[in-house]
$ cat data_18.cif   # mmCIF, C-alpha atoms
data_query
#
loop_
_atom_site.label_atom_id
_atom_site.label_comp_id
_atom_site.auth_asym_id
_atom_site.auth_seq_id
_atom_site.Cartn_x
_atom_site.Cartn_y
_atom_site.Cartn_z
CA MET W 20 32.06 -86.24 -8.55
CA LYS W 21 28.50 -85.05 -8.09
CA ASN W 22 26.55 -84.59 -4.85
CA LEU W 23 29.54 -84.86 -2.53
CA PRO W 24 29.65 -83.02 0.80
CA LYS W 25 31.70 -79.85 1.02
CA VAL W 26 34.80 -79.88 3.20
CA PRO W 27 34.68 -77.69 6.32
CA ILE W 28 37.73 -75.41 6.49
CA PRO W 29 38.58 -72.21 8.40
CA ALA W 30 37.06 -69.06 6.90
CA ALA W 31 40.45 -67.34 6.95
CA VAL W 32 41.91 -70.05 4.72
CA LYS W 33 39.14 -69.70 2.16
CA SER W 34 39.65 -65.94 2.16
CA ASP W 35 43.38 -66.41 1.55
CA TRP W 36 42.64 -68.66 -1.42
CA ALA W 37 40.52 -65.98 -3.10
CA THR W 38 43.13 -63.30 -2.43
CA GLU W 39 45.88 -65.47 -3.87
CA LEU W 40 43.96 -66.05 -7.09
CA HIS W 41 43.74 -62.35 -7.85
CA ASP W 42 47.28 -61.58 -6.66
CA LEU W 43 48.71 -64.30 -8.87
CA LEU W 44 46.99 -63.28 -12.09
CA GLY W 45 47.62 -59.66 -11.31
CA TRP W 46 51.33 -60.50 -11.18
CA TRP W 47 51.20 -62.11 -14.63
CA GLY W 48 49.29 -59.19 -16.10
CA LYS W 49 51.76 -56.69 -14.64
CA ASN W 50 55.04 -58.48 -15.36
CA MET W 51 54.73 -60.85 -18.31
CA VAL W 52 52.81 -59.09 -21.10
CA ASP W 53 54.96 -58.64 -24.21
CA PHE W 54 53.76 -55.37 -25.73
CA GLU W 55 56.46 -55.41 -28.41
CA TYR W 56 56.04 -58.81 -30.07
CA GLY W 57 52.69 -59.96 -28.75
CA GLY W 58 51.54 -62.57 -26.29
CA PHE W 59 53.56 -62.98 -23.13
CA TYR W 60 57.26 -63.01 -22.33
CA GLY W 61 58.78 -66.46 -22.29
CA ARG W 62 60.82 -66.26 -19.12
CA MET W 63 61.48 -64.57 -15.79
CA ASP W 64 64.20 -66.11 -13.67
CA ALA W 65 64.10 -66.89 -9.98
CA HIS W 66 65.74 -63.55 -9.15
CA ASN W 67 62.80 -61.73 -10.78
CA ARG W 68 64.85 -60.70 -13.81
CA LEU W 69 62.87 -60.61 -17.05
CA HIS W 70 64.42 -62.28 -20.12
CA PRO W 71 62.49 -60.64 -22.98
CA GLN W 72 64.42 -62.49 -25.70
CA SER W 73 63.65 -65.94 -24.35
CA ASP W 74 61.69 -68.44 -26.42
CA LYS W 75 57.94 -68.75 -25.94
CA GLY W 76 56.46 -72.19 -25.29
CA VAL W 77 53.03 -73.43 -26.27
CA ILE W 78 52.43 -74.98 -22.84
CA GLN W 79 52.86 -71.64 -21.13
CA ASN W 80 50.61 -69.91 -23.67
CA THR W 81 47.77 -72.44 -23.49
CA ARG W 82 47.93 -72.55 -19.70
CA LEU W 83 47.69 -68.76 -19.60
CA LEU W 84 44.69 -68.86 -21.93
CA TRP W 85 42.94 -71.40 -19.72
CA SER W 86 43.76 -69.47 -16.53
CA PHE W 87 42.54 -66.09 -17.72
CA ALA W 88 39.45 -67.55 -19.41
CA THR W 89 38.32 -69.48 -16.36
CA MET W 90 38.98 -66.53 -14.06
CA THR W 91 36.94 -64.27 -16.33
CA ARG W 92 34.03 -66.72 -16.25
CA SER W 93 34.18 -66.82 -12.46
CA TYR W 94 34.94 -63.20 -11.60
CA GLY W 95 34.11 -61.22 -14.73
CA ARG W 96 36.99 -58.77 -14.57
CA SER W 97 37.75 -56.96 -17.80
CA SER W 98 41.49 -57.18 -17.14
CA TYR W 99 41.32 -60.98 -17.08
CA GLU W 100 39.22 -61.02 -20.25
CA SER W 101 41.65 -58.83 -22.16
CA LEU W 102 44.52 -61.11 -21.11
CA ALA W 103 42.56 -64.19 -22.19
CA ASP W 104 41.95 -62.51 -25.55
CA ARG W 105 45.67 -61.75 -25.84
CA ALA W 106 46.62 -65.36 -25.17
CA TYR W 107 44.06 -66.61 -27.70
CA VAL W 108 45.12 -64.22 -30.46
CA TYR W 109 48.78 -65.12 -30.02
CA LEU W 110 47.98 -68.84 -30.03
CA LEU W 111 45.97 -68.40 -33.21
CA LYS W 112 48.43 -66.20 -35.09
CA GLN W 113 51.76 -67.69 -33.99
CA PHE W 114 51.40 -71.23 -32.62
CA ARG W 115 48.81 -72.60 -35.06
CA ASP W 116 50.23 -74.64 -37.94
CA LYS W 117 48.13 -73.49 -40.88
CA ASP W 118 49.62 -76.12 -43.22
CA TYR W 119 49.50 -79.37 -41.25
CA GLY W 120 47.26 -78.53 -38.33
CA GLY W 121 48.05 -78.61 -34.65
CA LEU W 122 50.24 -76.44 -32.46
CA PHE W 123 53.96 -75.79 -32.71
CA TRP W 124 56.05 -76.55 -29.63
CA MET W 125 58.30 -73.47 -29.35
CA LEU W 126 58.75 -70.00 -30.84
CA GLU W 127 61.51 -67.45 -30.50
CA ALA W 128 60.65 -64.17 -28.79
CA GLN W 129 59.71 -62.48 -32.08
CA GLY W 130 57.40 -65.36 -33.05
CA ARG W 131 59.49 -67.43 -35.48
CA VAL W 132 59.02 -71.20 -35.07
CA VAL W 133 62.09 -72.85 -33.54
CA ALA W 134 60.58 -76.26 -32.66
CA ASP W 135 57.81 -77.52 -34.92
CA LYS W 136 57.19 -81.03 -33.58
CA LYS W 137 53.65 -82.02 -32.63
CA GLN W 138 53.82 -83.09 -29.01
CA VAL W 139 50.44 -84.65 -28.23
CA TYR W 140 50.60 -83.25 -24.70
CA ALA W 141 50.62 -79.76 -26.26
CA GLN W 142 47.68 -80.51 -28.56
CA ALA W 143 45.75 -81.64 -25.47
CA PHE W 144 46.46 -78.36 -23.74
CA GLY W 145 45.22 -76.63 -26.87
CA ILE W 146 41.89 -78.44 -26.51
CA TYR W 147 41.77 -77.74 -22.79
CA SER W 148 42.36 -74.01 -23.17
CA LEU W 149 40.22 -73.50 -26.27
CA SER W 150 37.25 -75.32 -24.78
CA GLU W 151 37.55 -73.08 -21.70
CA TYR W 152 37.80 -69.97 -23.87
CA TYR W 153 34.72 -71.15 -25.76
CA ARG W 154 32.86 -71.45 -22.45
CA LEU W 155 33.63 -67.77 -21.98
CA THR W 156 33.07 -66.42 -25.51
CA GLN W 157 30.63 -68.87 -27.15
CA ASP W 158 32.62 -68.24 -30.35
CA LYS W 159 32.00 -71.19 -32.70
CA LEU W 160 35.36 -70.67 -34.42
CA VAL W 161 37.07 -71.36 -31.10
CA LEU W 162 35.06 -74.53 -30.56
CA ASN W 163 35.72 -75.70 -34.12
CA TRP W 164 39.45 -75.31 -33.56
CA ALA W 165 39.26 -77.38 -30.38
CA LEU W 166 37.36 -80.08 -32.29
CA GLU W 167 39.96 -79.94 -35.07
CA LEU W 168 42.69 -80.66 -32.50
CA PHE W 169 40.61 -83.55 -31.15
CA ASP W 170 40.40 -85.02 -34.66
CA LEU W 171 44.16 -84.67 -35.12
CA ILE W 172 44.89 -86.53 -31.88
CA ASP W 173 42.29 -89.18 -32.69
CA ASN W 174 43.55 -89.74 -36.23
CA HIS W 175 47.31 -89.61 -35.60
CA SER W 176 48.06 -90.36 -31.95
CA ARG W 177 45.48 -92.96 -30.93
CA ASP W 178 47.02 -96.41 -31.23
CA PRO W 179 44.63 -98.65 -33.23
CA ILE W 180 46.56 -101.81 -32.35
CA TYR W 181 47.36 -101.61 -28.65
CA GLY W 182 45.18 -98.74 -27.53
CA GLY W 183 46.21 -95.53 -25.83
CA TYR W 184 48.02 -92.57 -27.34
CA LEU W 185 51.50 -92.15 -28.79
CA GLU W 186 53.57 -89.25 -27.56
CA ALA W 187 54.88 -87.11 -30.41
CA PHE W 188 55.14 -86.60 -34.16
CA SER W 189 56.94 -84.47 -36.71
CA ARG W 190 55.36 -81.29 -38.01
CA ASP W 191 53.58 -83.27 -40.76
CA TRP W 192 52.48 -86.01 -38.30
CA LYS W 193 55.12 -88.58 -39.16
CA THR W 194 56.65 -90.97 -36.60
CA LEU W 195 59.58 -89.71 -34.51
CA THR W 196 62.36 -91.57 -32.72
CA ASP W 197 62.51 -89.06 -29.86
CA PHE W 198 59.17 -89.00 -28.04
CA ARG W 199 60.30 -87.11 -24.96
CA LEU W 200 58.23 -84.30 -23.55
CA SER W 201 61.34 -82.94 -21.81
CA THR W 202 64.92 -84.00 -21.18
CA LYS W 203 63.83 -85.25 -17.75
CA ASP W 204 61.52 -87.86 -19.30
CA ARG W 205 62.16 -91.33 -20.63
CA ASN W 206 62.06 -91.81 -24.39
CA GLU W 207 59.08 -94.17 -24.44
CA ALA W 208 56.09 -94.39 -26.74
CA LYS W 209 53.42 -93.87 -24.07
CA SER W 210 53.39 -91.89 -20.85
CA MET W 211 50.99 -91.46 -17.99
CA ASN W 212 51.47 -87.69 -18.13
CA THR W 213 50.26 -87.31 -21.70
CA HIS W 214 47.30 -89.63 -21.14
CA LEU W 215 46.31 -87.73 -18.01
CA HIS W 216 46.25 -84.40 -19.82
CA ILE W 217 44.38 -85.79 -22.81
CA LEU W 218 41.83 -86.97 -20.25
CA GLU W 219 41.68 -83.49 -18.74
CA ALA W 220 41.25 -81.92 -22.19
CA TYR W 221 38.54 -84.33 -23.33
CA THR W 222 36.65 -83.79 -20.06
CA ASN W 223 36.49 -80.05 -20.68
CA LEU W 224 35.65 -80.51 -24.35
CA HIS W 225 32.80 -82.86 -23.43
CA ARG W 226 31.32 -80.10 -21.26
CA VAL W 227 30.82 -77.89 -24.31
CA ALA W 228 30.53 -80.35 -27.21
CA PRO W 229 29.34 -83.77 -26.01
CA SER W 230 29.19 -86.55 -28.58
CA GLU W 231 29.10 -90.33 -28.64
CA LEU W 232 32.63 -90.47 -30.03
CA LEU W 233 34.06 -88.12 -27.43
CA ALA W 234 32.27 -89.94 -24.59
CA SER W 235 33.68 -93.22 -25.89
CA ARG W 236 37.21 -91.83 -26.01
CA LEU W 237 36.83 -90.35 -22.53
CA LYS W 238 35.69 -93.67 -21.11
CA GLU W 239 38.61 -95.43 -22.81
CA LEU W 240 41.03 -93.01 -21.18
CA ILE W 241 39.53 -93.45 -17.73
CA GLU W 242 39.73 -97.22 -18.07
CA LEU W 243 43.32 -97.03 -19.31
CA LEU W 244 44.31 -95.02 -16.26
CA LEU W 245 42.55 -97.49 -13.97
CA ASP W 246 43.64 -100.70 -15.72
CA ARG W 247 47.05 -99.88 -17.20
CA PHE W 248 48.60 -96.98 -15.34
CA LEU W 249 47.36 -97.63 -11.79
CA ASP W 250 49.52 -100.29 -10.14
CA PRO W 251 47.08 -102.67 -8.38
CA VAL W 252 49.53 -103.41 -5.57
CA SER W 253 51.21 -100.10 -4.71
CA HIS W 254 48.34 -97.87 -5.92
CA HIS W 255 50.87 -95.54 -7.51
CA LEU W 256 50.83 -94.70 -11.20
CA ILE W 257 53.24 -96.33 -13.64
CA LEU W 258 54.78 -93.44 -15.55
CA PHE W 259 56.08 -94.93 -18.83
CA PHE W 260 55.24 -97.81 -21.17
CA SER W 261 56.35 -99.17 -24.51
CA ALA W 262 53.86 -99.04 -27.36
CA ASN W 263 52.59 -102.55 -26.47
CA TRP W 264 52.23 -101.70 -22.76
CA GLU W 265 55.42 -103.10 -21.30
CA PRO W 266 56.13 -101.08 -18.11
CA ARG W 267 59.30 -99.05 -18.48
CA SER W 268 59.66 -97.27 -15.14
CA GLU W 269 59.53 -97.77 -11.40
CA GLU W 270 59.61 -94.09 -10.44
CA ILE W 271 56.81 -92.72 -8.28
CA SER W 272 55.55 -89.19 -8.89
CA TYR W 273 53.51 -88.27 -5.84
CA GLY W 274 52.23 -85.13 -7.54
CA HIS W 275 50.89 -87.05 -10.53
CA ASP W 276 49.31 -89.67 -8.26
CA ILE W 277 47.27 -87.08 -6.41
CA GLU W 278 46.51 -85.01 -9.52
CA ALA W 279 45.16 -88.07 -11.31
CA SER W 280 43.05 -89.01 -8.29
CA TRP W 281 40.69 -86.10 -8.73
CA LEU W 282 40.92 -85.72 -12.52
CA ILE W 283 39.54 -89.22 -13.08
CA CYS W 284 36.59 -88.33 -10.87
CA GLU W 285 35.94 -85.14 -12.87
CA ALA W 286 36.09 -87.15 -16.10
CA ALA W 287 33.71 -89.83 -14.83
CA ALA W 288 31.23 -87.13 -13.78
CA GLU W 289 30.82 -86.31 -17.48
CA LEU W 290 29.60 -89.82 -18.28
CA ASP W 291 26.33 -91.52 -17.40
CA ASP W 292 27.98 -94.63 -16.00
CA PRO W 293 27.41 -95.22 -12.25
CA ALA W 294 29.70 -98.25 -12.15
CA LEU W 295 32.57 -96.26 -13.63
CA HIS W 296 31.87 -93.39 -11.23
CA GLN W 297 32.21 -95.83 -8.34
CA ARG W 298 35.43 -97.32 -9.69
CA CYS W 299 36.92 -93.84 -10.00
CA ALA W 300 35.88 -92.88 -6.49
CA GLU W 301 37.50 -96.00 -5.07
CA ALA W 302 40.65 -95.47 -7.12
CA ALA W 303 40.80 -91.82 -6.05
CA VAL W 304 40.93 -92.78 -2.40
CA LEU W 305 43.60 -95.42 -3.06
CA LEU W 306 45.73 -92.92 -5.00
CA ALA W 307 45.25 -90.29 -2.29
CA GLU W 308 46.26 -92.80 0.36
CA ALA W 309 49.36 -93.79 -1.61
CA SER W 310 50.35 -90.16 -2.16
CA LEU W 311 50.31 -89.54 1.60
CA GLU W 312 53.58 -91.47 1.62
CA GLY W 313 55.11 -88.39 -0.03
CA GLN W 314 53.92 -85.84 2.52
CA ASP W 315 56.90 -84.66 4.54
CA GLU W 316 56.93 -83.63 8.19
CA ASP W 317 56.61 -79.96 7.21
CA GLY W 318 53.40 -80.68 5.28
CA GLY W 319 54.92 -80.36 1.79
CA ILE W 320 54.76 -83.18 -0.72
CA ILE W 321 58.03 -84.61 -2.01
CA ASN W 322 58.58 -84.87 -5.75
CA GLU W 323 59.56 -88.49 -6.38
CA GLY W 324 60.18 -91.87 -4.90
CA SER W 325 60.71 -95.50 -5.79
CA PRO W 326 59.71 -98.86 -4.28
CA ILE W 327 62.65 -98.50 -1.88
CA GLY W 328 62.35 -94.86 -0.83
CA PHE W 329 62.53 -91.22 -1.87
CA THR W 330 64.65 -90.42 -4.92
CA ASN W 331 64.02 -86.67 -5.26
CA THR W 332 63.24 -84.89 -2.01
CA ASP W 333 62.76 -81.46 -3.58
CA LYS W 334 59.28 -79.97 -3.47
CA ASP W 335 58.17 -78.36 -6.72
CA TRP W 336 55.32 -75.89 -6.61
CA TRP W 337 52.76 -77.80 -8.65
CA PRO W 338 52.52 -81.05 -6.60
CA GLN W 339 51.71 -78.93 -3.52
CA PHE W 340 48.70 -77.39 -5.21
CA GLU W 341 47.51 -80.61 -6.82
CA ALA W 342 47.81 -82.37 -3.46
CA MET W 343 45.50 -79.86 -1.85
CA VAL W 344 42.70 -80.58 -4.35
CA GLY W 345 43.29 -84.32 -4.45
CA TRP W 346 43.13 -84.69 -0.70
CA LEU W 347 40.03 -82.47 -0.45
CA ASN W 348 38.42 -84.70 -3.09
CA ALA W 349 39.41 -87.83 -1.15
CA TRP W 350 37.81 -86.39 2.00
CA GLN W 351 34.62 -85.67 0.08
CA ILE W 352 34.44 -89.32 -0.98
CA SER W 353 35.55 -90.93 2.29
CA GLN W 354 35.20 -88.31 5.06
CA ASP W 355 38.54 -89.61 6.32
CA GLU W 356 39.99 -86.75 8.43
CA ARG W 357 43.54 -87.62 7.41
CA PHE W 358 42.83 -86.20 3.97
CA ARG W 359 41.36 -82.93 5.20
CA ASN W 360 44.27 -82.46 7.59
CA ALA W 361 46.78 -83.27 4.85
CA ALA W 362 45.19 -80.70 2.53
CA LEU W 363 45.33 -77.97 5.17
CA ARG W 364 48.92 -78.84 6.04
CA VAL W 365 50.11 -78.69 2.43
CA TRP W 366 48.36 -75.35 1.96
CA GLU W 367 50.05 -73.93 5.05
CA PHE W 368 53.39 -75.18 3.76
CA VAL W 369 53.10 -73.74 0.27
CA TYR W 370 51.63 -70.45 1.50
CA GLN W 371 54.32 -69.91 4.10
CA HIS W 372 57.36 -71.20 2.23
CA HIS W 373 56.78 -71.42 -1.55
CA LYS W 374 55.20 -68.00 -1.95
CA ASP W 375 57.68 -65.28 -2.93
CA ARG W 376 56.50 -62.43 -0.74
CA GLU W 377 58.96 -59.94 -2.18
CA GLY W 378 58.95 -60.73 -5.90
CA GLY W 379 55.48 -62.21 -6.23
CA GLU W 380 54.30 -65.56 -7.64
CA TYR W 381 55.69 -68.80 -6.18
CA HIS W 382 59.15 -70.33 -6.18
CA TRP W 383 59.54 -73.27 -8.53
CA CYS W 384 61.17 -75.53 -5.99
CA LEU W 385 62.27 -75.83 -2.37
CA ASN W 386 64.76 -78.36 -1.10
CA ARG W 387 63.98 -80.45 1.95
CA ALA W 388 65.56 -77.81 4.18
CA GLY W 389 63.08 -75.26 2.82
CA LYS W 390 65.49 -73.22 0.68
CA PRO W 391 64.41 -72.09 -2.81
CA ASN W 392 66.28 -73.33 -5.85
CA PHE W 393 67.21 -70.10 -7.62
CA LYS W 394 68.32 -71.96 -10.74
CA GLU W 395 64.70 -72.63 -11.67
CA ASP W 396 62.52 -69.98 -13.28
CA LYS W 397 59.78 -67.89 -11.72
CA ALA W 398 57.96 -68.05 -15.06
CA GLY W 399 58.86 -70.00 -18.18
CA PRO W 400 57.85 -72.68 -20.69
CA TRP W 401 56.70 -74.96 -17.86
CA LYS W 402 55.91 -72.37 -15.19
CA ALA W 403 52.53 -70.72 -15.64
CA PRO W 404 49.62 -70.04 -13.23
CA TYR W 405 47.45 -72.97 -14.33
CA HIS W 406 48.14 -75.43 -11.47
CA ILE W 407 47.72 -72.72 -8.85
CA VAL W 408 44.62 -71.16 -10.37
CA ARG W 409 42.92 -74.50 -10.88
CA SER W 410 43.80 -75.72 -7.40
CA LEU W 411 42.57 -72.62 -5.63
CA MET W 412 39.36 -72.45 -7.66
CA GLU W 413 38.67 -76.14 -7.02
CA ALA W 414 39.41 -75.73 -3.33
CA ILE W 415 36.99 -72.81 -3.06
CA ARG W 416 34.32 -74.80 -4.89
CA ARG W 417 34.73 -77.89 -2.73
CA THR W 418 34.78 -76.29 0.71
CA ASP W 419 32.58 -74.47 3.20
CA ALA W 420 34.14 -71.85 5.48
CA VAL W 421 33.53 -72.39 9.19
#

$ encode --input "data_18.cif" --output "structure tokens"
Amino acid sequence: MKNLPKVPIPAAVKSDWATELHDLLGWWGKNMVDFEYGGFYGRMDAHNRLHPQSDKGVIQNTRLLWSFATMTRSYGRSSYESLADRAYVYLLKQFRDKDYGGLFWMLEAQGRVVADKKQVYAQAFGIYSLSEYYRLTQDKLVLNWALELFDLIDNHSRDPIYGGYLEAFSRDWKTLTDFRLSTKDRNEAKSMNTHLHILEAYTNLHRVAPSELLASRLKELIELLLDRFLDPVSHHLILFFSANWEPRSEEISYGHDIEASWLICEAAAELDDPALHQRCAEAAVLLAEASLEGQDEDGGIINEGSPIGFTNTDKDWWPQFEAMVGWLNAWQISQDERFRNAALRVWEFVYQHHKDREGGEYHWCLNRAGKPNFKEDKAGPWKAPYHIVRSLMEAIRRTDAV
């Protein structure tokens, strides 16, 4: 949101955030560049062992492109720019479907397509990363590709009957029976997660290519998140729906609650609609308040709950970072000290416990006792620097050192 006060935080914390940004992307540049087959390696396990023959996922590649592009815009380092260029070239040459449009889901290490479905979540990350790369390069071909992906989502995924967006399609954009983004997800036609990341993508695209159509779609998405996905009683997000908006889950994802709280505000800031801005600000505080239920005694945020209690007490890396930004945003709106304190506590937790001080990067997951889960990867199809980079950059932007 615009014209909000900056959050006062200790100068040492702000300094640590900046250091972490460069350390993190330095780790990726040092350890994950695939000089043999192009792009980046698909996997490093939790024991810091590289798996050079692992498949390469489009989510990892687009998140790397976004991370290196936004860091180059902010800090101007040639090493970041060359890595952004590498991610873009690989996306263009290997992940782009030249016949049917859109982005493939998964490639083998050498670049052969092994999963060609069109997951709408992935197309959204294509828009998000390409629009950020365009902000860096001003290359019209990059922007045109982002707009092409927007048209594909709008023409194939947007539901003309019930509204919202359907989850996934075959390579040639035909209907599938398995919509799932991952094996952990429910097989339902519409998910909060996909809608949230289409929102994020359209927000960034609107920054570089505003249009009446895009503004209309962005407003629709904001209103869907407020009117469909946000439970008016619990103020948590409903995660899954049928095509005609029958709720299909009771799970609570505290990380998605707090991530959505600030992303809806960023989206509303792109639109000239004061009433919608106010609705988003109010919803952001409600979501931030609800997500405080998931903050544990050690400051970390727990993965999942239900109406009757916690269901997954592990603490993945990404909710910690999203919580920091979401609670800083809630303080900016409300000046409620609980949110500032919660943000500082979650940062202290993730910095002291999630950070791998020997191997670099951050552990995927800690259990409630604080022990890392070494079965989860250090880097992989779902583990890339995007959440951390975005969180730290947003935190720096929203705060004043004292």

$ atom_distance --input "data_18.cif" --atom1 "CA of Asn360 in chain W" --atom2 "CA of Gly389 in chain W"
20.7 Å

$ resolve_selection --input "data_18.cif" --expression "the PyMOL selection byres ((chain W and resi 253) around 10)" --output "list in words"
Leu249, Asp250, Pro251, Val252, His254, His255, Leu256, Ile257, Ile271, Leu305, Leu306, Ala309 and Pro326 of chain W

$ write_last_selection --input "data_18.cif" --atoms "C-alpha atoms" --output "compact mmCIF listing (two decimals), in the frame of the given file"
# COMPACT_ATOMS: atom_id res chain seq x y z
CA LEU W 249 47.36 -97.63 -11.79
CA ASP W 250 49.52 -100.29 -10.14
CA PRO W 251 47.08 -102.67 -8.38
CA VAL W 252 49.53 -103.41 -5.57
CA HIS W 254 48.34 -97.87 -5.92
CA HIS W 255 50.87 -95.54 -7.51
CA LEU W 256 50.83 -94.70 -11.20
CA ILE W 257 53.24 -96.33 -13.64
CA ILE W 271 56.81 -92.72 -8.28
CA LEU W 305 43.60 -95.42 -3.06
CA LEU W 306 45.73 -92.92 -5.00
CA ALA W 309 49.36 -93.79 -1.61
CA PRO W 326 59.71 -98.86 -4.28

$ axis_aligned_box --input "data_18.cif" --around "range 324-330 of chain W" --padding-each-side "4 Å" --output "lines of an AutoDock Vina configuration file"
center_x = 62.2
center_y = -94.6
center_z = -3.3
size_x = 12.9
size_y = 16.4
size_z = 13.0

$ resolve_selection --input "data_18.cif" --expression "the PyMOL selection byres ((chain W and resi 390) around 12)" --output "PyMOL selection string"
chain W and resi 333-335+372-375+382-389+391-394

$ resolve_selection --input "data_18.cif" --expression "the PyMOL selection byres ((chain W and resi 69-73) around 8)" --output "list in words"
Asp53, Tyr60, Gly61, Arg62, Met63, Asp64, Asn67, Arg68, Asp74, Lys75, Glu127, Ala128 and Gln129 of chain W

$ closest_residue --input "data_18.cif" --among "W:Thr213, W:Ser230, W:Thr330, W:Asn348" --to "Ser176 in chain W" --atoms "only C-alpha atoms"
W:Thr213

$ residues_around --input "data_18.cif" --residues "range 134-144 of chain W" --least-positions-apart "6" --cutoff "9 Å" --atoms "all atoms listed in the file" --output "VMD selection string"
chain W and resid 77 to 78 81 to 82 85 116 121 to 126 168 to 169 171 to 172 176 184 to 192 198 to 200 212 to 214 216 to 221

$ write_last_selection --input "data_18.cif" --atoms "C-alpha atoms" --output "CSV table (one decimal), in the frame of the given file"
chain,number,residue,atom,x,y,z
W,77,VAL,CA,53.0,-73.4,-26.3
W,78,ILE,CA,52.4,-75.0,-22.8
W,81,THR,CA,47.8,-72.4,-23.5
W,82,ARG,CA,47.9,-72.6,-19.7
W,85,TRP,CA,42.9,-71.4,-19.7
W,116,ASP,CA,50.2,-74.6,-37.9
W,121,GLY,CA,48.0,-78.6,-34.6
W,122,LEU,CA,50.2,-76.4,-32.5
W,123,PHE,CA,54.0,-75.8,-32.7
W,124,TRP,CA,56.0,-76.6,-29.6
W,125,MET,CA,58.3,-73.5,-29.4
W,126,LEU,CA,58.8,-70.0,-30.8
W,168,LEU,CA,42.7,-80.7,-32.5
W,169,PHE,CA,40.6,-83.6,-31.2
W,171,LEU,CA,44.2,-84.7,-35.1
W,172,ILE,CA,44.9,-86.5,-31.9
W,176,SER,CA,48.1,-90.4,-32.0
W,184,TYR,CA,48.0,-92.6,-27.3
W,185,LEU,CA,51.5,-92.2,-28.8
W,186,GLU,CA,53.6,-89.2,-27.6
W,187,ALA,CA,54.9,-87.1,-30.4
W,188,PHE,CA,55.1,-86.6,-34.2
W,189,SER,CA,56.9,-84.5,-36.7
W,190,ARG,CA,55.4,-81.3,-38.0
W,191,ASP,CA,53.6,-83.3,-40.8
W,192,TRP,CA,52.5,-86.0,-38.3
W,198,PHE,CA,59.2,-89.0,-28.0
W,199,ARG,CA,60.3,-87.1,-25.0
W,200,LEU,CA,58.2,-84.3,-23.6
W,212,ASN,CA,51.5,-87.7,-18.1
W,213,THR,CA,50.3,-87.3,-21.7
W,214,HIS,CA,47.3,-89.6,-21.1
W,216,HIS,CA,46.2,-84.4,-19.8
W,217,ILE,CA,44.4,-85.8,-22.8
W,218,LEU,CA,41.8,-87.0,-20.2
W,219,GLU,CA,41.7,-83.5,-18.7
W,220,ALA,CA,41.2,-81.9,-22.2
W,221,TYR,CA,38.5,-84.3,-23.3

$ residues_near_point --input "data_18.cif" --point "(46.2, -72.6, -13.6)" --cutoff "8 Å" --atoms "all atoms listed in the file" --output "compact mmCIF listing (two decimals) with C-alpha atoms, in the coordinates of the input"
# COMPACT_ATOMS: atom_id res chain seq x y z
CA ARG W 82 47.93 -72.55 -19.70
CA LEU W 83 47.69 -68.76 -19.60
CA TRP W 85 42.94 -71.40 -19.72
CA SER W 86 43.76 -69.47 -16.53
CA ALA W 403 52.53 -70.72 -15.64
CA PRO W 404 49.62 -70.04 -13.23
CA TYR W 405 47.45 -72.97 -14.33
CA HIS W 406 48.14 -75.43 -11.47
CA ILE W 407 47.72 -72.72 -8.85
CA VAL W 408 44.62 -71.16 -10.37
CA ARG W 409 42.92 -74.50 -10.88
CA SER W 410 43.80 -75.72 -7.40

$ atom_distance --input "data_18.cif" --atom1 "CA of Asp419 in chain W" --atom2 "CA of Leu347 in chain W"
11.5 Å

$ closest_residue --input "data_18.cif" --among "W:Ala262, W:Leu195, W:Ala286, W:Ala65" --to "Ala234 in chain W" --atoms "all atoms listed in the file"
W:Ala286

$ closest_residue --input "data_18.cif" --among "W:Gly274, W:Tyr381, W:Arg205, W:Leu102" --to "Glu395 in chain W" --atoms "all atoms listed in the file"
W:Tyr381

$ atom_distance --input "data_18.cif" --atom1 "CA of Trp36 in chain W" --atom2 "CA of His296 in chain W"
28.7 Å

$ residues_around --input "data_18.cif" --residues "range 311-314 of chain W" --least-positions-apart "2" --cutoff "10 Å" --atoms "only C-alpha atoms" --output "NGL selection string"
:W and (271-274 or 276-277 or 306-309 or 316-324 or 328-329 or 332 or 334 or 339 or 342 or 346 or 357-358 or 361 or 364-365)

$ closest_residue --input "data_18.cif" --among "W:Leu44, W:Ala349, W:Leu23, W:Met412" --to "Ala288 in chain W" --atoms "only C-alpha atoms"
W:Leu23

$ residues_near_point --input "data_18.cif" --point "(52.3, -66.6, -15.5)" --cutoff "9 Å" --atoms "all atoms listed in the file" --output "list in words"
Leu43, Leu44, Trp46, Trp47, Gly48, Asn50, Met51, Phe59, Gln79, Asn80, Arg82, Leu83, Glu380, Lys397, Ala398, Gly399, Lys402, Ala403, Pro404 and Tyr405 of chain W

$ closest_residue --input "data_18.cif" --among "W:Arg359, W:Val108, W:Ser93, W:Glu270" --to "Ala37 in chain W" --atoms "all atoms listed in the file"
W:Ser93

$ closest_residue --input "data_18.cif" --among "W:Leu290, W:Ile146, W:Val161, W:Val32" --to "Ser235 in chain W" --atoms "all atoms listed in the file"
W:Leu290

$ residues_around --input "data_18.cif" --residues "Glu289 in chain W" --least-positions-apart "6" --cutoff "8 Å" --atoms "all atoms listed in the file" --output "PyMOL selection string"
chain W and resi 222+225-226

$ residues_around --input "data_18.cif" --residues "Asn223 in chain W" --least-positions-apart "6" --cutoff "8 Å" --atoms "only C-alpha atoms" --output "list in words"
Tyr147, Ser150 and Glu151 of chain W
